[in-house]
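Working notes for the structure below.
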Amino acid sequence: MLKENGCPCESGRVYADCCAPWHQGTAATTPEQLMRSRYSAFVLGLHDYLLATWHATTRPETLVDKEPVRWLGLKIKQAHVNGVNGEVEFIARYKIAGKAWKLHERSRFVYEEGRWYYLDGKMLNT
């Protein structure tokens, strides 16, 4: 669901000027942009986009929501790029069956063939 005043990724910009171009095929230019667009894709249920931006070596065959998730917010803690490798540490808040959770992860990204791809992530304690 789109927030009235902005993109689901909480960049402070409207969806049309933020994650929408990436969801429509424009390549994100940084790992942080890709992370934000992937979070927005989770919010909006854009599973094809999530799979397309997942590196082929770690990508699952399908994405299945076992239980309905209500995404509540995203906070980027830090983002780094070192050549063709990038990392983004973030906290995503969500609810499942009325219970609130936090996903604190350091995600790794790789740049190949003109695009950033999500490679994998390590769960962190919050």
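All residue names refer to the structure tokens as shown: chains lettered A, B, ... in order, residues numbered from 1 in each chain, ligands numbered from 1 in order.
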Determine, counting only C-alpha atoms, which protein, DNA and RNA residues have an atom within 7 Å of an atom of Lys122 (chain A); residues of the same chain fewer than 6 positions away are not included. Present the result as a ChimeraX atom specification.
-> /A:105-107
Counting only C-alpha atoms, what is within 8 Å of Lys77 (chain A), bar same-chain residues fewer than 3 positions away, as JSON, numbers by chain?
-> {"A": [88, 89, 90, 91]}
Which is closer to Asp65 (chain A) than all the others in A:Ile96, A:Met35, A:Asn82, A:Met123, using only C-alpha atoms?
->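 Counting only C-alpha atoms, the residue closest to Asp65 (chain A) is A:Ile96.
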If you run DSSP on this backbone, which residues of chain A come out as alpha helix (DSSP H), and could you give them as a PyMOL selection string?
-> chain A and resi 20-23+31-44+47-52
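One finds CA of Leu74 (chain A) at 19.1 Å from CA of Trp54 (chain A).
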Out of region 19-116 of chain A, which residues get strand (DSSP E or B) from DSSP, as number ranges by chain?
-> A: 54, 69-82, 85-96, 99-112, 115-116
Test item: residues at most 10 Å from Arg115 (chain A), only C-alpha atoms, excluding those fewer than 3 positions along its chain, as a ChimeraX atom specification | /A:26-31,34,53,84,110-112
Can you write just those residues out, N, CA and C atoms, as a JSON list (two decimals), in the first residue's frame?
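Saved to result36.json:
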```json
[["chain", "number", "residue", "atom", "x", "y", "z"],
["A", 26, "THR", "N", 14.12, 0.71, -14.71],
["A", 26, "THR", "CA", 15.34, 1.50, -14.61],
["A", 26, "THR", "C", 16.24, 0.87, -13.55],
["A", 27, "ALA", "N", 17.52, 0.78, -13.84],
["A", 27, "ALA", "CA", 18.46, 0.16, -12.90],
["A", 27, "ALA", "C", 18.80, 1.13, -11.77],
["A", 28, "ALA", "N", 18.72, 0.66, -10.53],
["A", 28, "ALA", "CA", 19.15, 1.45, -9.38],
["A", 28, "ALA", "C", 20.66, 1.70, -9.50],
["A", 29, "THR", "N", 21.10, 2.90, -9.14],
["A", 29, "THR", "CA", 22.51, 3.25, -9.32],
["A", 29, "THR", "C", 23.36, 3.01, -8.07],
["A", 30, "THR", "N", 22.72, 2.68, -6.94],
["A", 30, "THR", "CA", 23.46, 2.39, -5.71],
["A", 30, "THR", "C", 22.80, 1.22, -4.99],
["A", 31, "PRO", "N", 23.55, 0.53, -4.14],
["A", 31, "PRO", "CA", 22.93, -0.52, -3.33],
["A", 31, "PRO", "C", 21.81, 0.02, -2.45],
["A", 34, "LEU", "N", 18.69, 0.28, -4.45],
["A", 34, "LEU", "CA", 18.11, -1.04, -4.69],
["A", 34, "LEU", "C", 17.46, -1.58, -3.42],
["A", 53, "THR", "N", 15.74, -8.76, -9.09],
["A", 53, "THR", "CA", 16.85, -8.01, -8.51],
["A", 53, "THR", "C", 17.66, -8.84, -7.52],
["A", 84, "VAL", "N", 32.61, -3.11, -6.98],
["A", 84, "VAL", "CA", 31.40, -3.80, -7.44],
["A", 84, "VAL", "C", 30.64, -4.46, -6.29],
["A", 110, "VAL", "N", 25.90, -6.89, -5.23],
["A", 110, "VAL", "CA", 26.98, -7.00, -6.20],
["A", 110, "VAL", "C", 26.52, -6.32, -7.50],
["A", 111, "TYR", "N", 27.47, -5.65, -8.16],
["A", 111, "TYR", "CA", 27.19, -4.93, -9.41],
["A", 111, "TYR", "C", 27.69, -5.77, -10.58],
["A", 112, "GLU", "N", 26.76, -6.17, -11.46],
["A", 112, "GLU", "CA", 27.09, -6.98, -12.63],
["A", 112, "GLU", "C", 26.27, -6.51, -13.82]]
```
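Neighbours of Leu119 (chain A) closer than or equal to 6 Å, with only C-alpha atoms counted and sequence neighbours fewer than 5 positions away skipped, come out as His55, Arg108 and Phe109 of chain A.
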Written selection (N, CA, C and O atoms) as a PDB file, in the first residue's frame:
```pdb
ATOM      1  N   HIS A  55      20.372 -11.825  -6.933  1.00  0.00           N
ATOM      2  CA  HIS A  55      21.453 -12.439  -7.698  1.00  0.00           C
ATOM      3  C   HIS A  55      21.124 -13.904  -7.998  1.00  0.00           C
ATOM      4  O   HIS A  55      20.612 -14.631  -7.136  1.00  0.00           O
ATOM      5  N   ARG A 108      24.170  -7.715   1.466  1.00  0.00           N
ATOM      6  CA  ARG A 108      25.276  -7.575   0.515  1.00  0.00           C
ATOM      7  C   ARG A 108      24.714  -7.493  -0.899  1.00  0.00           C
ATOM      8  O   ARG A 108      23.759  -8.200  -1.251  1.00  0.00           O
ATOM      9  N   PHE A 109      25.337  -6.639  -1.700  1.00  0.00           N
ATOM     10  CA  PHE A 109      24.926  -6.410  -3.080  1.00  0.00           C
ATOM     11  C   PHE A 109      26.142  -6.527  -3.982  1.00  0.00           C
ATOM     12  O   PHE A 109      27.274  -6.288  -3.550  1.00  0.00           O
TER      13      PHE A 109
END
```
Mind pulling up the distance from CA of Asp120 (chain A) to CA of His80 (chain A)?
->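 Taking CA of His80 (chain A) and CA of Asp120 (chain A), their separation equals 15.0 Å.
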Nearest to Arg13 (chain A), chosen from A:Gln78, A:Arg36, A:Tyr94, A:Ala56, with only C-alpha atoms counted in the distances | A:Arg36
So how many Å separate CA of Cys19 (chain A) and CA of Gly6 (chain A), to one decimal?
->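 CA of Gly6 (chain A) lies 10.3 Å from CA of Cys19 (chain A).
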